[in-house]
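Chemist: My questions all concern the structure below.
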Amino acid sequence: MLTLLTSMYLVVRAVSSQAEPIRVVITGAAGQIAYSLLYSIAKGDVFGKDQPIVLILLDIPPMLPVLDGVVMELQDCALPLLREVIPTDKVEVGFKDIDAAILVGSMPRKEGMERKDLLKANVAIFKTQGAALDKYAKKTVKVLVVGNPANTNCLIASKSAPSIPKENFSCLTRLDHNRACSQVAMRCNVSSDAVKNVIIWGNHSSTQYPDVHHAKVKVQDSELPAYDVVKDDAWLRGPFISTVQQRGAAVIKARKLSSAMSAAKAICDHMRDIWFGTKEGEFISMGVYAAGNSYGVPQDLMYSFPVCIKNKMWKIVDGLPINDFSQAKMDATAAELVEERDTALDFLSQ
């Protein structure tokens, strides 16, 4: 009987290892974030250790020679799950029948560029990519927008893909979430996995609100409120918040380049949680569509909330008590997003 069960297990393992490959597109694929990201995806850290993958690398025509080098490196990694790598500058190739889209590429802000000019350039990019998703991708595709301004770019992509549910779109605030966890962990002298349920509210910008009022810190065998473990309310309401808000700028100042390794890790965390769900009793931060929430956040925004994920579907964690300090900061970042949205929608209608 034991031998029979063992044989059946081996058959199931063999079948699962021959699962149909999923198709994953990464835009801005010749850039530094993608370079830090592709290996983790290709070796199974995101979509599973038994899930074969076809990677589609999409970028603008001048970057195709660089993509050729990236393809060679991926081939040279000899990764058993990586079935094919397709470099392209064509959206009809990039978005064809995809299961997951990670939209990293966007127009970066250049010196002297007004914010409205940045929004206008990115509306054009994400309108095109949204329309391509609508036309070519599977209707079940999960779309993660990373390129900044991520929240508004995500909204534009979603509006340009009306046949794909808005719930399938999200934007990256997991990097901010991870930064907040790390800051609390260092302050409490614990490992980062001992901190859970921090929240990033709002925009992936300097108005975001990193909130630890509902966070827990594991000390020995007990989970305690973060405020009780940190024991420094002034730090949590001041330097902690500003450090997380301005961390990206601090990295650029020190490195002369924007965050890449940490951004890639956050993308992996975000997509893995979509694919496999969040742990029981835990929530993470993710920019999602703001319809129907208990926090007074205006509708028709992509706003970062605490979410739980099950069966590849997110759900906002509603009903958390919010004090006046938090509400003011949540409202301020929402106001910035409303202004961004209205400006972007003006450009979208032109």
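We name chains A, B, ... following the order of the structure tokens; residues begin at 1 in each chain, and ligands are numbered from 1 as shown.
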Wanna dump the stretch 82-172 of chain A-stretch 44-59 of chain A contacts at 12 Å for me, each residue with its shortest atom pair and the distance in Å to one decimal, counting only C-alpha atoms, ordered by chain and number, as JSON lines?

Modeler:
{"residue": "A:Leu82", "atom": "CA", "partner": "A:Ile53", "partner_atom": "CA", "distance": 5.1}
{"residue": "A:Arg83", "atom": "CA", "partner": "A:Val54", "partner_atom": "CA", "distance": 5.5}
{"residue": "A:Glu84", "atom": "CA", "partner": "A:Val54", "partner_atom": "CA", "distance": 4.8}
{"residue": "A:Val85", "atom": "CA", "partner": "A:Leu55", "partner_atom": "CA", "distance": 4.8}
{"residue": "A:Ile86", "atom": "CA", "partner": "A:Ile56", "partner_atom": "CA", "distance": 4.7}
{"residue": "A:Pro87", "atom": "CA", "partner": "A:Leu57", "partner_atom": "CA", "distance": 4.6}
{"residue": "A:Thr88", "atom": "CA", "partner": "A:Leu58", "partner_atom": "CA", "distance": 5.1}
{"residue": "A:Asp89", "atom": "CA", "partner": "A:Asp59", "partner_atom": "CA", "distance": 5.2}
{"residue": "A:Lys90", "atom": "CA", "partner": "A:Leu58", "partner_atom": "CA", "distance": 7.3}
{"residue": "A:Val91", "atom": "CA", "partner": "A:Leu58", "partner_atom": "CA", "distance": 7.5}
{"residue": "A:Glu92", "atom": "CA", "partner": "A:Leu58", "partner_atom": "CA", "distance": 10.3}
{"residue": "A:Val93", "atom": "CA", "partner": "A:Ile56", "partner_atom": "CA", "distance": 8.3}
{"residue": "A:Gly94", "atom": "CA", "partner": "A:Leu58", "partner_atom": "CA", "distance": 5.9}
{"residue": "A:Phe95", "atom": "CA", "partner": "A:Ile56", "partner_atom": "CA", "distance": 8.3}
{"residue": "A:Lys96", "atom": "CA", "partner": "A:Ile56", "partner_atom": "CA", "distance": 9.5}
{"residue": "A:Asp97", "atom": "CA", "partner": "A:Ile56", "partner_atom": "CA", "distance": 10.9}
{"residue": "A:Ile98", "atom": "CA", "partner": "A:Ile56", "partner_atom": "CA", "distance": 8.9}
{"residue": "A:Asp99", "atom": "CA", "partner": "A:Val54", "partner_atom": "CA", "distance": 10.0}
{"residue": "A:Ala100", "atom": "CA", "partner": "A:Phe47", "partner_atom": "CA", "distance": 9.9}
{"residue": "A:Ala101", "atom": "CA", "partner": "A:Ile56", "partner_atom": "CA", "distance": 9.4}
{"residue": "A:Ile102", "atom": "CA", "partner": "A:Leu57", "partner_atom": "CA", "distance": 10.2}
{"residue": "A:Leu103", "atom": "CA", "partner": "A:Leu58", "partner_atom": "CA", "distance": 9.4}
{"residue": "A:Val104", "atom": "CA", "partner": "A:Leu58", "partner_atom": "CA", "distance": 9.9}
{"residue": "A:Gly105", "atom": "CA", "partner": "A:Asp59", "partner_atom": "CA", "distance": 7.6}
{"residue": "A:Ser106", "atom": "CA", "partner": "A:Asp59", "partner_atom": "CA", "distance": 10.2}
{"residue": "A:Ile125", "atom": "CA", "partner": "A:Asp59", "partner_atom": "CA", "distance": 11.6}
{"residue": "A:Gln129", "atom": "CA", "partner": "A:Leu58", "partner_atom": "CA", "distance": 10.8}

Chemist: Report as a list in words: the residues of stretch 75-147 of chain A with a DSSP assignment of helix (DSSP H, G or I), based on the backbone of this structure.

Modeler: Gln75, Asp76, Val91, Glu92, Val93, Gly94, Arg115, Lys116, Asp117, Leu118, Leu119, Lys120, Ala121, Asn122, Val123, Ala124, Ile125, Phe126, Lys127, Thr128, Gln129, Gly130, Ala131, Ala132, Leu133, Asp134, Lys135 and Tyr136 of chain A

Chemist: I need the residues in stretch 117-281 of chain A that are strand (DSSP E or B) according to DSSP; give them as a compact mmCIF listing (two decimals) with N, CA, C and O atoms, in the first residue's frame.

Modeler:
# COMPACT_ATOMS: atom_id res chain seq x y z
N LYS A 142 -3.27 39.24 -14.22
CA LYS A 142 -3.01 40.06 -13.05
C LYS A 142 -1.95 41.09 -13.42
O LYS A 142 -0.86 40.72 -13.89
N VAL A 143 -2.28 42.36 -13.22
CA VAL A 143 -1.43 43.46 -13.68
C VAL A 143 -0.89 44.22 -12.48
O VAL A 143 -1.67 44.71 -11.65
N LEU A 144 0.42 44.32 -12.39
CA LEU A 144 1.08 45.11 -11.35
C LEU A 144 1.80 46.29 -12.01
O LEU A 144 2.66 46.09 -12.88
N VAL A 145 1.44 47.50 -11.60
CA VAL A 145 2.09 48.71 -12.13
C VAL A 145 3.14 49.18 -11.13
O VAL A 145 2.83 49.40 -9.95
N PHE A 169 -6.06 44.81 -11.39
CA PHE A 169 -4.98 45.80 -11.44
C PHE A 169 -4.57 46.19 -10.03
O PHE A 169 -5.42 46.40 -9.15
N SER A 170 -3.28 46.33 -9.81
CA SER A 170 -2.77 46.85 -8.55
C SER A 170 -1.46 47.58 -8.81
O SER A 170 -0.83 47.40 -9.85
N CYS A 171 -1.08 48.44 -7.87
CA CYS A 171 0.20 49.13 -8.00
C CYS A 171 1.06 48.89 -6.77
O CYS A 171 0.56 48.51 -5.70
N VAL A 195 7.75 41.46 12.44
CA VAL A 195 6.85 42.62 12.35
C VAL A 195 5.79 42.33 11.30
O VAL A 195 6.11 41.92 10.18
N LYS A 196 4.53 42.55 11.64
CA LYS A 196 3.47 42.32 10.66
C LYS A 196 2.39 43.40 10.80
O LYS A 196 2.29 44.08 11.82
N ILE A 199 0.90 49.32 7.70
CA ILE A 199 0.05 49.75 6.59
C ILE A 199 0.69 50.94 5.89
O ILE A 199 1.18 51.86 6.55
N ILE A 200 0.66 50.92 4.58
CA ILE A 200 0.94 52.12 3.78
C ILE A 200 -0.40 52.57 3.20
O ILE A 200 -1.04 51.83 2.44
N TRP A 201 -0.81 53.76 3.58
CA TRP A 201 -2.04 54.35 3.05
C TRP A 201 -1.71 55.32 1.91
O TRP A 201 -0.79 56.12 2.03
N GLY A 202 -2.48 55.23 0.82
CA GLY A 202 -2.48 56.30 -0.17
C GLY A 202 -1.57 56.15 -1.36
O GLY A 202 -1.48 55.10 -1.99
N TYR A 209 1.23 57.53 3.82
CA TYR A 209 1.21 57.49 5.28
C TYR A 209 1.55 56.09 5.79
O TYR A 209 0.73 55.18 5.73
N PRO A 210 2.77 55.90 6.28
CA PRO A 210 3.14 54.63 6.91
C PRO A 210 2.56 54.59 8.33
O PRO A 210 2.89 55.44 9.16
N ASP A 211 1.72 53.60 8.60
CA ASP A 211 0.92 53.55 9.83
C ASP A 211 1.21 52.26 10.59
O ASP A 211 1.08 51.17 10.03
N LYS A 216 1.90 44.57 14.69
CA LYS A 216 2.30 43.71 15.79
C LYS A 216 3.79 43.38 15.65
O LYS A 216 4.30 43.23 14.54
N VAL A 217 4.45 43.24 16.81
CA VAL A 217 5.85 42.84 16.84
C VAL A 217 5.96 41.59 17.71
O VAL A 217 5.48 41.58 18.85
N LYS A 218 6.57 40.54 17.16
CA LYS A 218 6.75 39.31 17.93
C LYS A 218 8.00 39.42 18.79
O LYS A 218 9.12 39.59 18.26
N VAL A 219 7.81 39.36 20.08
CA VAL A 219 8.91 39.41 21.03
C VAL A 219 8.87 38.11 21.84
O VAL A 219 7.90 37.86 22.56
N SER A 222 5.43 36.16 22.18
CA SER A 222 4.23 37.00 22.26
C SER A 222 4.21 38.02 21.14
O SER A 222 5.24 38.58 20.77
N GLU A 223 2.99 38.26 20.60
CA GLU A 223 2.80 39.34 19.63
C GLU A 223 2.23 40.55 20.36
O GLU A 223 1.15 40.47 20.96
N LEU A 224 2.95 41.65 20.30
CA LEU A 224 2.58 42.85 21.04
C LEU A 224 2.37 44.01 20.08
O LEU A 224 2.98 44.04 19.00
N PRO A 225 1.53 44.98 20.44
CA PRO A 225 1.36 46.16 19.59
C PRO A 225 2.69 46.89 19.38
O PRO A 225 3.48 47.03 20.33

Chemist: Enter the distance from atom CA of A:Met107 to atom CA of A:Asn122, in Å, rounded to one decimal.

Modeler: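 Separation between atom CA of A:Met107 and atom CA of A:Asn122: 5.9 Å.
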
Chemist: Return the single residue from A:Leu118, A:Ser163, A:Leu74, A:Gly147 that is closest to A:Thr27, with distances computed using only C-alpha atoms.

Modeler: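 Result for the nearest residue to A:Thr27: A:Gly147.
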
Chemist: Could you list, as a list in words, every residue within 10 Å of A:Ala344, counting only C-alpha atoms and ignoring same-chain residues fewer than 6 positions away?

Modeler: Lys116, Leu118, Leu119, Lys120, Ala121, Asn122, Val123, Ala124, Thr152, Asn153, Leu155, Ile156 and Val338 of chain A

Chemist: Write out as a list in words each polymer residue whose atoms come within 12 Å of A:Ala328, counting only C-alpha atoms; drop sequence neighbours fewer than 4 positions from it.

Modeler: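 Once the nearby chain positions are removed, what remains is Trp201, Gly202, Thr207, Gln208, Tyr209, Tyr295, Gly296, Val297, Ile322, Asn323, Asp324, Ala332, Thr333, Ala334 and Ala335 of chain A.
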
Chemist: What does the file look like for those residues with all heavy atoms, as a compact mmCIF listing (two decimals), in the first residue's frame?

Modeler:
# COMPACT_ATOMS: atom_id res chain seq x y z
N TRP A 201 -0.81 53.76 3.58
CA TRP A 201 -2.04 54.35 3.05
C TRP A 201 -1.71 55.32 1.91
O TRP A 201 -0.79 56.12 2.03
CB TRP A 201 -2.78 55.14 4.14
CG TRP A 201 -3.23 54.37 5.34
CD1 TRP A 201 -2.62 54.31 6.56
CD2 TRP A 201 -4.43 53.58 5.48
NE1 TRP A 201 -3.35 53.53 7.44
CE2 TRP A 201 -4.47 53.07 6.80
CE3 TRP A 201 -5.48 53.26 4.61
CZ2 TRP A 201 -5.49 52.26 7.28
CZ3 TRP A 201 -6.50 52.45 5.08
CH2 TRP A 201 -6.52 51.95 6.39
N GLY A 202 -2.48 55.23 0.82
CA GLY A 202 -2.48 56.30 -0.17
C GLY A 202 -1.57 56.15 -1.36
O GLY A 202 -1.48 55.10 -1.99
N THR A 207 3.70 61.80 0.08
CA THR A 207 2.52 62.02 0.93
C THR A 207 1.98 60.72 1.54
O THR A 207 1.06 60.76 2.34
CB THR A 207 1.36 62.69 0.16
OG1 THR A 207 0.82 61.76 -0.80
CG2 THR A 207 1.80 63.97 -0.52
N GLN A 208 2.54 59.58 1.13
CA GLN A 208 2.08 58.30 1.68
C GLN A 208 2.10 58.35 3.21
O GLN A 208 2.90 59.06 3.81
CB GLN A 208 2.99 57.16 1.21
CG GLN A 208 4.41 57.30 1.76
CD GLN A 208 5.30 56.14 1.39
OE1 GLN A 208 5.47 55.23 2.18
NE2 GLN A 208 5.88 56.18 0.19
N TYR A 209 1.23 57.53 3.82
CA TYR A 209 1.21 57.49 5.28
C TYR A 209 1.55 56.09 5.79
O TYR A 209 0.73 55.18 5.73
CB TYR A 209 -0.17 57.92 5.81
CG TYR A 209 -0.35 57.71 7.30
CD1 TYR A 209 0.68 58.02 8.20
CD2 TYR A 209 -1.54 57.19 7.80
CE1 TYR A 209 0.52 57.81 9.56
CE2 TYR A 209 -1.71 56.98 9.17
CZ TYR A 209 -0.67 57.28 10.04
OH TYR A 209 -0.82 57.07 11.39
N TYR A 295 -13.13 53.85 4.88
CA TYR A 295 -12.19 54.85 5.37
C TYR A 295 -12.40 56.24 4.77
O TYR A 295 -11.58 57.14 4.97
CB TYR A 295 -10.75 54.38 5.12
CG TYR A 295 -10.47 53.06 5.80
CD1 TYR A 295 -10.28 51.89 5.05
CD2 TYR A 295 -10.42 52.96 7.19
CE1 TYR A 295 -10.05 50.68 5.68
CE2 TYR A 295 -10.18 51.75 7.81
CZ TYR A 295 -10.00 50.62 7.06
OH TYR A 295 -9.77 49.40 7.67
N GLY A 296 -13.49 56.40 4.01
CA GLY A 296 -13.77 57.71 3.43
C GLY A 296 -12.87 58.08 2.27
O GLY A 296 -12.80 59.25 1.87
N VAL A 297 -12.18 57.10 1.69
CA VAL A 297 -11.31 57.37 0.54
C VAL A 297 -12.20 57.52 -0.70
O VAL A 297 -13.06 56.69 -0.96
CB VAL A 297 -10.31 56.22 0.33
CG1 VAL A 297 -9.50 56.44 -0.95
CG2 VAL A 297 -9.38 56.10 1.54
N ILE A 322 -9.51 54.26 13.23
CA ILE A 322 -8.60 55.29 12.71
C ILE A 322 -8.70 56.52 13.61
O ILE A 322 -9.79 57.07 13.79
CB ILE A 322 -8.96 55.67 11.26
CG1 ILE A 322 -8.96 54.42 10.35
CG2 ILE A 322 -8.03 56.74 10.73
CD1 ILE A 322 -7.62 53.75 10.19
N ASN A 323 -7.57 56.96 14.16
CA ASN A 323 -7.61 58.16 15.00
C ASN A 323 -7.47 59.42 14.15
O ASN A 323 -7.25 59.35 12.93
CB ASN A 323 -6.53 58.09 16.10
CG ASN A 323 -5.11 58.03 15.54
OD1 ASN A 323 -4.84 58.47 14.43
ND2 ASN A 323 -4.20 57.46 16.32
N ASP A 324 -7.60 60.57 14.77
CA ASP A 324 -7.58 61.84 14.04
C ASP A 324 -6.25 62.09 13.34
O ASP A 324 -6.19 62.60 12.22
CB ASP A 324 -7.89 63.01 14.98
CG ASP A 324 -9.34 62.99 15.47
OD1 ASP A 324 -10.17 62.29 14.85
OD2 ASP A 324 -9.64 63.68 16.46
N ALA A 332 -4.87 63.60 3.32
CA ALA A 332 -3.91 64.42 2.57
C ALA A 332 -3.37 63.66 1.35
O ALA A 332 -3.26 64.22 0.25
CB ALA A 332 -2.76 64.85 3.48
N THR A 333 -3.05 62.40 1.53
CA THR A 333 -2.53 61.63 0.39
C THR A 333 -3.64 61.34 -0.62
O THR A 333 -3.40 61.31 -1.83
CB THR A 333 -1.81 60.34 0.87
OG1 THR A 333 -1.11 59.76 -0.22
CG2 THR A 333 -2.75 59.32 1.48
N ALA A 334 -4.89 61.19 -0.14
CA ALA A 334 -6.02 61.03 -1.06
C ALA A 334 -6.23 62.28 -1.91
O ALA A 334 -6.50 62.19 -3.11
CB ALA A 334 -7.30 60.71 -0.28
N ALA A 335 -6.06 63.45 -1.28
CA ALA A 335 -6.23 64.71 -2.02
C ALA A 335 -5.21 64.82 -3.15
O ALA A 335 -5.53 65.27 -4.26
CB ALA A 335 -6.11 65.89 -1.06

Chemist: Please produce, as JSON lines, a per-residue contact table for stretch 160-251 of chain A versus stretch 314-321 of chain A (criterion: any atom at most 10 Å away, only C-alpha atoms considered), showing the nearest atom pair and its distance in Å to one decimal, sorted by chain then residue number.

Modeler:
{"residue": "A:Glu167", "atom": "CA", "partner": "A:Trp314", "partner_atom": "CA", "distance": 7.7}
{"residue": "A:Asn168", "atom": "CA", "partner": "A:Trp314", "partner_atom": "CA", "distance": 9.0}
{"residue": "A:Ser170", "atom": "CA", "partner": "A:Trp314", "partner_atom": "CA", "distance": 9.7}
{"residue": "A:His213", "atom": "CA", "partner": "A:Pro321", "partner_atom": "CA", "distance": 9.0}
{"residue": "A:His214", "atom": "CA", "partner": "A:Leu320", "partner_atom": "CA", "distance": 8.0}

Chemist: Those residues with C-alpha atoms, as a PDB file, in the first residue's frame please?

Modeler:
ATOM      1  CA  GLU A 167      -9.725  44.157  -9.351  1.00  0.00           C
ATOM      2  CA  ASN A 168      -7.043  42.600 -11.585  1.00  0.00           C
ATOM      3  CA  SER A 170      -2.767  46.851  -8.548  1.00  0.00           C
ATOM      4  CA  HIS A 213      -1.178  51.667  14.887  1.00  0.00           C
ATOM      5  CA  HIS A 214      -2.360  48.151  13.944  1.00  0.00           C
TER       6      HIS A 214
END

Chemist: So which one's closest to A:Ser40, A:His270, A:Lys265, A:Arg255, A:Arg23? Using only C-alpha atoms, please.

Modeler: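 Ranked by minimum distance to A:Ser40, first place goes to A:Lys265.
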
Chemist: As a list in words, please: the residues near stretch 228-237 of chain A (cut-off 8 Å, only C-alpha atoms, same-chain neighbours under 4 positions excluded).

Modeler: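 Here the answer would be Val184, Arg187, Cys188, Val212, Val217, Leu224 and Ile241 of chain A.
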
Chemist: From the set A:Leu38, A:His204, A:Gln299, A:Ala150, which residue has the shortest atom-to-atom contact distance to A:Val25, counting only C-alpha atoms?

Modeler: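 Comparing A:Leu38, A:His204, A:Gln299, A:Ala150 against A:Val25, the winner is A:Leu38.
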
Chemist: Closest to A:Lys279 among A:Ala161, A:Ile309, A:Ile26, A:Ala250, using only C-alpha atoms?

Modeler: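 Result for the nearest residue to A:Lys279: A:Ile309.
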
Chemist: Would you list the contacts of A:Ala264 as a JSON list (two decimals) with N, CA and C atoms, in the first residue's frame, taking every protein, DNA or RNA residue within 7 Å and counting only C-alpha atoms, but skipping same-chain residues closer than 3 positions in sequence?

Modeler:
[["chain", "number", "residue", "atom", "x", "y", "z"],
["A", 33, "ILE", "N", 15.77, 47.79, -12.53],
["A", 33, "ILE", "CA", 14.85, 47.03, -11.67],
["A", 33, "ILE", "C", 14.60, 45.65, -12.28],
["A", 36, "SER", "N", 17.34, 43.18, -11.74],
["A", 36, "SER", "CA", 17.34, 42.59, -10.40],
["A", 36, "SER", "C", 16.17, 41.63, -10.20],
["A", 37, "LEU", "N", 15.16, 41.73, -11.05],
["A", 37, "LEU", "CA", 13.90, 41.00, -10.88],
["A", 37, "LEU", "C", 13.85, 39.68, -11.63],
["A", 260, "ALA", "N", 16.66, 49.54, -6.81],
["A", 260, "ALA", "CA", 16.46, 48.46, -7.79],
["A", 260, "ALA", "C", 16.33, 47.12, -7.09],
["A", 261, "MET", "N", 17.33, 46.74, -6.30],
["A", 261, "MET", "CA", 17.29, 45.45, -5.60],
["A", 261, "MET", "C", 16.08, 45.37, -4.68],
["A", 267, "ILE", "N", 8.45, 43.67, -5.60],
["A", 267, "ILE", "CA", 7.63, 43.15, -6.71],
["A", 267, "ILE", "C", 7.41, 41.66, -6.53],
["A", 268, "CYS", "N", 8.45, 40.94, -6.19],
["A", 268, "CYS", "CA", 8.33, 39.49, -5.96],
["A", 268, "CYS", "C", 7.36, 39.20, -4.81]]

Chemist: So which residues touch A:Arg174 within 7 Å, counting only C-alpha atoms, skipping near sequence neighbours fewer than 3 positions away, as number ranges by chain?

Modeler: A: 177-178, 266, 270, 285-286

Chemist: Pull all heavy atoms from the residues just selected and write them as a short mmCIF file (atom, residue, chain, number, x, y, z; two decimals), in the first residue's frame.

Modeler:
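Output saved as out.cif:
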data_model
loop_
_atom_site.label_atom_id
_atom_site.label_comp_id
_atom_site.auth_asym_id
_atom_site.auth_seq_id
_atom_site.Cartn_x
_atom_site.Cartn_y
_atom_site.Cartn_z
N HIS A 177 5.97 49.41 2.23
CA HIS A 177 5.56 48.50 3.31
C HIS A 177 6.79 47.80 3.91
O HIS A 177 6.95 47.73 5.14
CB HIS A 177 4.58 47.49 2.73
CG HIS A 177 4.07 46.46 3.68
ND1 HIS A 177 2.83 46.52 4.26
CD2 HIS A 177 4.64 45.31 4.16
CE1 HIS A 177 2.64 45.48 5.04
NE2 HIS A 177 3.73 44.73 4.99
N ASN A 178 7.65 47.27 3.03
CA ASN A 178 8.85 46.57 3.50
C ASN A 178 9.80 47.53 4.23
O ASN A 178 10.43 47.16 5.22
CB ASN A 178 9.57 45.91 2.32
CG ASN A 178 8.83 44.70 1.79
OD1 ASN A 178 7.86 44.23 2.39
ND2 ASN A 178 9.27 44.18 0.65
N ALA A 266 10.38 43.70 -3.57
CA ALA A 266 8.99 44.07 -3.26
C ALA A 266 8.03 43.58 -4.34
O ALA A 266 6.92 43.12 -4.04
CB ALA A 266 8.88 45.59 -3.10
N HIS A 270 4.91 41.09 -3.69
CA HIS A 270 3.57 41.49 -4.11
C HIS A 270 2.94 40.41 -5.00
O HIS A 270 1.81 39.95 -4.74
CB HIS A 270 3.68 42.82 -4.86
CG HIS A 270 2.40 43.38 -5.38
ND1 HIS A 270 1.91 44.59 -4.96
CD2 HIS A 270 1.51 42.94 -6.30
CE1 HIS A 270 0.77 44.86 -5.59
NE2 HIS A 270 0.53 43.87 -6.43
N SER A 285 0.24 45.72 2.25
CA SER A 285 -0.17 46.97 1.60
C SER A 285 -0.07 46.85 0.09
O SER A 285 0.90 46.29 -0.44
CB SER A 285 0.72 48.13 2.07
OG SER A 285 0.69 48.25 3.46
N MET A 286 -1.08 47.38 -0.59
CA MET A 286 -1.16 47.26 -2.05
C MET A 286 -2.06 48.37 -2.57
O MET A 286 -3.10 48.67 -1.97
CB MET A 286 -1.77 45.88 -2.38
CG MET A 286 -1.84 45.52 -3.83
SD MET A 286 -2.62 43.87 -4.05
CE MET A 286 -1.34 42.79 -3.42
#

Chemist: Which of these, A:Ile164, A:Ile274, A:Leu175, A:Cys154, has the shortest distance to A:Asp300 once you count only C-alpha atoms?

Modeler: A:Cys154

Chemist: So how far away is atom CA of A:Asn203 from atom CA of A:Glu282, in Å?

Modeler: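 Separation of atom CA of A:Glu282 and atom CA of A:Asn203: 21.5 Å.
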